[in-house]
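Engineer: So here's data_38.tsv, just TSV, C-alpha atoms:
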chain	number	residue	atom	x	y	z
M	1	LYS	CA	-11.59	9.40	25.94
M	2	VAL	CA	-10.52	9.36	22.32
M	3	LYS	CA	-10.24	12.76	20.69
M	4	TYR	CA	-10.03	13.52	16.99
M	5	VAL	CA	-7.97	16.36	15.61
M	6	LYS	CA	-10.14	18.51	13.36
M	7	LYS	CA	-9.11	21.06	10.78
M	8	TYR	CA	-9.29	24.64	12.01
M	9	PRO	CA	-12.06	26.57	10.22
M	10	PHE	CA	-9.78	29.57	9.72
M	11	ARG	CA	-6.24	28.61	8.77
M	12	ILE	CA	-4.93	32.08	9.61
M	13	ASN	CA	-5.61	31.39	13.30
M	14	ILE	CA	-3.45	28.26	13.49
M	15	GLU	CA	0.02	29.74	13.72
M	16	PRO	CA	-0.37	31.70	16.99
M	17	ILE	CA	-1.80	28.60	18.71
M	18	LEU	CA	1.15	26.30	18.10
M	19	PRO	CA	4.55	26.76	19.77
M	20	LEU	CA	7.82	26.23	17.93
M	21	PHE	CA	8.02	22.72	19.36
M	22	TYR	CA	4.81	20.74	19.40
M	23	ARG	CA	4.07	17.25	20.68
M	24	LEU	CA	0.64	15.66	20.72
M	25	GLU	CA	0.06	14.25	24.19
M	26	ARG	CA	-3.59	13.21	23.88
M	27	ILE	CA	-4.86	9.94	22.46
M	28	VAL	CA	-5.36	10.82	18.81
M	29	LEU	CA	-6.36	8.48	15.99
M	30	ILE	CA	-6.82	10.76	13.01
M	31	ILE	CA	-5.16	13.95	11.79
M	32	ASN	CA	-7.26	15.52	9.07
M	33	ASP	CA	-6.15	17.17	5.83
M	34	ASN	CA	-4.31	20.50	6.16
M	35	ARG	CA	-4.30	20.23	9.97
M	36	TYR	CA	-1.08	22.23	10.51
M	37	ALA	CA	-1.01	24.04	7.16
M	38	ASP	CA	0.69	27.44	7.13
M	39	CYS	CA	2.13	27.15	10.65
M	40	HIS	CA	5.10	29.18	9.46
M	41	ALA	CA	6.89	29.30	12.82
M	42	LEU	CA	6.62	25.58	13.63
M	43	GLU	CA	10.10	24.01	13.84
M	44	GLN	CA	9.51	20.58	15.39
M	45	ILE	CA	6.51	18.31	15.72
M	46	THR	CA	5.99	14.79	17.05
M	47	ILE	CA	2.98	12.79	15.88
M	48	PRO	CA	2.46	9.88	18.33
M	49	SER	CA	2.21	6.22	17.34
M	50	SER	CA	-1.47	6.22	18.37
M	51	VAL	CA	-2.26	8.01	15.11
M	52	HIS	CA	-3.58	5.61	12.46
M	53	HIS	CA	-4.39	8.09	9.73
M	54	LEU	CA	-2.45	11.09	8.44
M	55	GLY	CA	-4.34	13.44	6.14
M	56	LYS	CA	-3.04	15.08	2.99
M	57	HIS	CA	-1.02	18.31	3.07
M	58	ILE	CA	-1.05	18.51	6.87
M	59	PHE	CA	2.33	20.32	6.82
M	60	SER	CA	1.71	22.44	3.73
M	61	GLY	CA	3.40	25.81	4.11
M	62	CYS	CA	5.30	24.89	7.31
M	63	ARG	CA	8.34	26.81	6.11
M	64	SER	CA	10.39	26.57	9.32
M	65	LEU	CA	9.95	22.86	10.00
M	66	LYS	CA	13.29	21.27	10.93
M	67	THR	CA	12.48	17.97	12.68
M	68	LEU	CA	9.52	15.72	11.96
M	69	THR	CA	8.66	12.63	14.02
M	70	VAL	CA	5.90	10.40	12.64
M	71	PRO	CA	4.53	6.85	13.07
M	72	PHE	CA	4.86	6.31	9.30
M	73	PRO	CA	6.31	8.68	6.69
M	74	ALA	CA	3.35	9.54	4.43
M	75	CYS	CA	-0.35	10.32	4.38
M	76	GLY	CA	-2.84	7.47	4.69
M	77	THR	CA	-2.75	4.58	7.16
M	78	PRO	CA	0.05	2.19	8.23
M	79	ALA	CA	-1.26	-0.32	5.68
M	80	THR	CA	-1.91	2.05	2.77
M	81	PHE	CA	0.46	5.04	3.00
M	82	SER	CA	2.27	6.00	-0.19
M	83	ASN	CA	4.68	8.92	-0.40
M	84	PHE	CA	6.17	11.54	1.89
M	85	GLY	CA	5.41	14.48	-0.38
M	86	GLU	CA	1.65	14.11	0.17
M	87	LEU	CA	2.16	15.39	3.71
M	88	PHE	CA	3.21	18.71	2.21
M	89	GLY	CA	1.70	21.06	-0.34
M	90	THR	CA	1.52	21.15	-4.13
M	91	THR	CA	1.20	24.93	-4.39
M	92	PRO	CA	4.43	26.56	-5.67
M	93	ASP	CA	6.25	28.42	-2.90
M	94	ILE	CA	9.58	30.18	-3.44
M	95	GLU	CA	10.45	29.65	0.24
M	96	MET	CA	10.15	25.86	-0.10
M	97	ARG	CA	12.11	23.24	-2.07
M	98	LYS	CA	10.36	21.49	-4.95
M	99	ILE	CA	10.62	17.71	-5.17
M	100	SER	CA	8.98	15.28	-7.60
M	101	GLN	CA	7.33	12.05	-6.52
M	102	ASP	CA	4.67	9.72	-7.86
M	103	ASN	CA	1.32	10.33	-6.16
M	104	GLU	CA	-1.16	7.63	-5.13
M	105	THR	CA	-2.37	7.24	-8.73
M	106	GLY	CA	1.16	6.83	-10.06
M	107	LYS	CA	1.30	10.29	-11.64
M	108	GLU	CA	4.44	12.36	-11.06
M	109	THR	CA	3.60	15.32	-8.84
M	110	ASN	CA	5.58	18.28	-7.52
M	111	TYR	CA	5.54	18.85	-3.76
M	112	TYR	CA	7.08	21.68	-1.76
M	113	LEU	CA	9.15	20.82	1.33
M	114	PRO	CA	10.77	23.24	3.79
M	115	HIS	CA	14.41	24.12	3.08
M	116	SER	CA	15.05	23.57	6.78
M	117	LEU	CA	13.62	20.04	7.05
M	118	SER	CA	16.71	18.04	7.95
M	119	VAL	CA	15.61	15.32	10.42
M	120	LEU	CA	12.97	12.62	9.90
M	121	ARG	CA	12.27	10.20	12.76
M	122	ILE	CA	10.02	7.20	12.13
M	123	LEU	CA	8.57	5.72	15.30
M	124	GLU	CA	8.52	2.11	16.45
M	125	GLY	CA	5.73	0.11	14.88
M	126	CYS	CA	6.42	1.06	11.27
M	127	GLU	CA	7.31	-2.15	9.43
M	128	ILE	CA	7.59	-1.14	5.78
M	129	ILE	CA	8.70	1.89	3.80
M	130	PRO	CA	7.11	1.37	0.37
M	131	SER	CA	8.65	1.95	-3.03
M	132	LYS	CA	9.51	5.58	-3.81
M	133	CYS	CA	8.13	6.76	-0.45
M	134	LEU	CA	11.00	9.14	0.33
M	135	MET	CA	12.25	9.47	-3.23
M	136	ASN	CA	14.02	12.75	-4.03
M	137	CYS	CA	13.74	14.12	-0.48
M	138	PHE	CA	17.19	15.65	-0.84
M	139	VAL	CA	16.56	18.20	1.94
M	140	LEU	CA	16.84	15.42	4.55
M	141	LYS	CA	20.17	15.08	6.32
M	142	GLU	CA	19.30	12.63	9.10
M	143	LEU	CA	16.98	9.61	9.00
M	144	HIS	CA	15.95	7.45	11.99
M	145	LEU	CA	14.64	3.95	11.17
M	146	PRO	CA	12.86	1.91	13.90
M	147	SER	CA	13.73	-1.62	15.01
M	148	SER	CA	10.30	-2.75	13.75
M	149	LEU	CA	11.25	-1.95	10.15
M	150	TYR	CA	11.88	-5.13	8.15
M	151	MET	CA	11.49	-4.04	4.52
M	152	MET	CA	12.12	-1.04	2.29
M	153	GLY	CA	10.80	-0.99	-1.26
M	154	GLU	CA	12.45	-0.16	-4.56
M	155	LYS	CA	13.76	3.42	-4.65
M	156	ALA	CA	12.28	4.02	-1.19
M	157	VAL	CA	15.04	6.51	-0.34
M	158	TYR	CA	16.27	7.07	-3.89
M	159	GLY	CA	17.75	10.48	-4.65
M	160	CYS	CA	18.11	11.58	-1.01
M	161	ALA	CA	21.59	12.87	-1.77
M	162	GLY	CA	21.65	15.17	1.26
M	163	LEU	CA	21.57	12.32	3.77
M	164	LYS	CA	24.61	12.32	6.03
M	165	THR	CA	23.42	10.02	8.82
M	166	ILE	CA	21.04	7.07	9.07
M	167	TYR	CA	20.23	5.55	12.46
M	168	CYS	CA	19.11	1.92	12.15
M	169	GLN	CA	17.60	0.57	15.37
M	170	ALA	CA	17.12	-2.98	14.04
M	171	ALA	CA	19.78	-5.56	14.95
M	172	GLU	CA	18.99	-7.39	11.69
M	173	PRO	CA	19.31	-5.36	8.48
M	174	ALA	CA	15.99	-4.55	6.85
M	175	SER	CA	15.39	-6.24	3.52
M	176	ILE	CA	16.09	-3.71	0.77
M	177	HIS	CA	16.58	-3.59	-3.00
M	178	ALA	CA	19.67	-2.68	-4.99
M	179	ASP	CA	18.16	0.74	-5.78
M	180	THR	CA	16.53	1.49	-2.42
M	181	PHE	CA	19.31	3.96	-1.60
M	182	GLY	CA	20.19	4.90	-5.18
M	183	GLY	CA	21.70	8.34	-5.52
M	184	ILE	CA	22.99	8.48	-1.94
M	185	ARG	CA	26.70	9.12	-1.43
M	186	PHE	CA	27.77	5.84	0.13
M	187	ASN	CA	31.17	7.19	1.16
M	188	VAL	CA	29.64	10.18	2.97
M	189	CYS	CA	26.44	8.90	4.60
M	190	ARG	CA	27.19	7.29	7.96
M	191	ILE	CA	25.11	4.30	9.15
M	192	HIS	CA	24.69	3.83	12.92
M	193	VAL	CA	23.60	0.33	13.96
M	194	PRO	CA	22.98	-1.45	17.31
M	195	GLN	CA	25.89	-2.93	19.21
M	196	GLY	CA	27.00	-6.23	17.72
M	197	SER	CA	25.28	-5.64	14.37
M	198	THR	CA	28.07	-4.01	12.36
M	199	GLU	CA	29.18	-7.17	10.56
M	200	LYS	CA	25.62	-8.15	9.68
M	201	TYR	CA	25.15	-4.85	7.86
M	202	LYS	CA	28.57	-4.97	6.23
M	203	GLN	CA	27.93	-8.46	4.89
M	204	ASP	CA	24.45	-7.74	3.55
M	205	LYS	CA	24.74	-7.37	-0.23
M	206	HIS	CA	22.59	-4.22	-0.39
M	207	TRP	CA	23.83	-2.51	2.79
M	208	LYS	CA	27.54	-3.13	2.30
M	209	PRO	CA	28.01	-0.35	-0.31
M	210	PHE	CA	27.92	2.04	2.67
M	211	SER	CA	31.55	2.44	3.67
M	212	LEU	CA	30.78	4.08	7.03
M	213	ILE	CA	28.88	1.57	9.15
M	214	GLU	CA	29.45	1.83	12.87
M	215	GLU	CA	27.86	1.13	16.25
The structure in this file should be written as structure tokens.
Structural biologist:
Amino acid sequence: KVKYVKKYPFRINIEPILPLFYRLERIVLIINDNRYADCHALEQITIPSSVHHLGKHIFSGCRSLKTLTVPFPACGTPATFSNFGELFGTTPDIEMRKISQDNETGKETNYYLPHSLSVLRILEGCEIIPSKCLMNCFVLKELHLPSSLYMMGEKAVYGCAGLKTIYCQAAEPASIHADTFGGIRFNVCRIHVPQGSTEKYKQDKHWKPFSLIEE
């Protein structure tokens, strides 16, 4: 039986319901807008690959969030998702970090991400990270890219200067642009690749600026 996650009628009641670590185990297709908003104690959450639509601002106000696992890194659907910031809120919050990204209309918008958000895991099945999707997400320190990923758009991870580790599950390097990783410290961020793939990444003209590529 397919179940749909609905928004709680009273947001104040959400936080006591969710544990610090939350994983959806049911078959879920849609997560509606603001679904986990203001779950201040939530530290980790895994959204399963069965989900085909992520609503806007579903993690707004999740101040303690440290690790986020998603089927694709933005609101919308696998075919239409735009930017990561839309998953979070636009209301100023002194306990969150402000980042600027273009919204779905192309207008620059400020979003507020948790200071603690350090790990982003993208599940198998995601094939593309569009242009500017993760732009300016400087709070991230660790990024996991699935083997299904074959393309990353212009400035997709631009300005993520806090990244220290990227795990690439694909044996073949994803197609990227010269500015996909602009603003990242290439001599600090370590790239982990599958066994036997090191030379492929080192020889790729857009991946080879990373000086720390290892299996």
Engineer: Go through M:Asn187, M:Thr198, M:Thr105, M:Ser118 one by one, measure the shortest atom-to-atom distance of each to Ser211 in chain M using all atoms listed in the file, and give the residue with the smallest value.
Structural biologist: M:Asn187
Engineer: For Ile128 in chain M, please output as a ChimeraX atom specification all residues within 12 Å (counting all atoms listed in the file; exclusion window: fewer than 2 positions along the same chain).
Structural biologist: /M:71-74,77-82,122-126,130-133,145-154,156,174-176
Engineer: Hey, can you check how far CA of Leu143 in chain M sits from CA of His53 in chain M?
Structural biologist: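 Those two atoms sit 21.4 Å apart.
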Engineer: Could you tell me how far CA of His52 in chain M lies from CA of Arg121 in chain M, in Å and to one decimal?
Structural biologist: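 Straight-line distance from CA of His52 in chain M to CA of Arg121 in chain M works out to 16.5 Å.
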Engineer: Which distance in Å separates CA of Lys66 in chain M and CA of Cys39 in chain M, to one decimal?
Structural biologist: 12.6 Å
Engineer: When you look at Lys56 in chain M with a cut-off of 10 Å (counting all atoms listed in the file), what residues show up, excluding the ones that are within fewer than 5 positions of it in the same chain? I need them as a PyMOL selection string.
Structural biologist: chain M and resi 31-35+74-76+84-89
Engineer: With all atoms listed in the file as the basis for distance, which of M:Arg190, M:Arg97, M:His144, M:His206 is at the shortest distance from Pro173 in chain M?
Structural biologist: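 That would be M:His206, the residue with the smallest distance to Pro173 in chain M.
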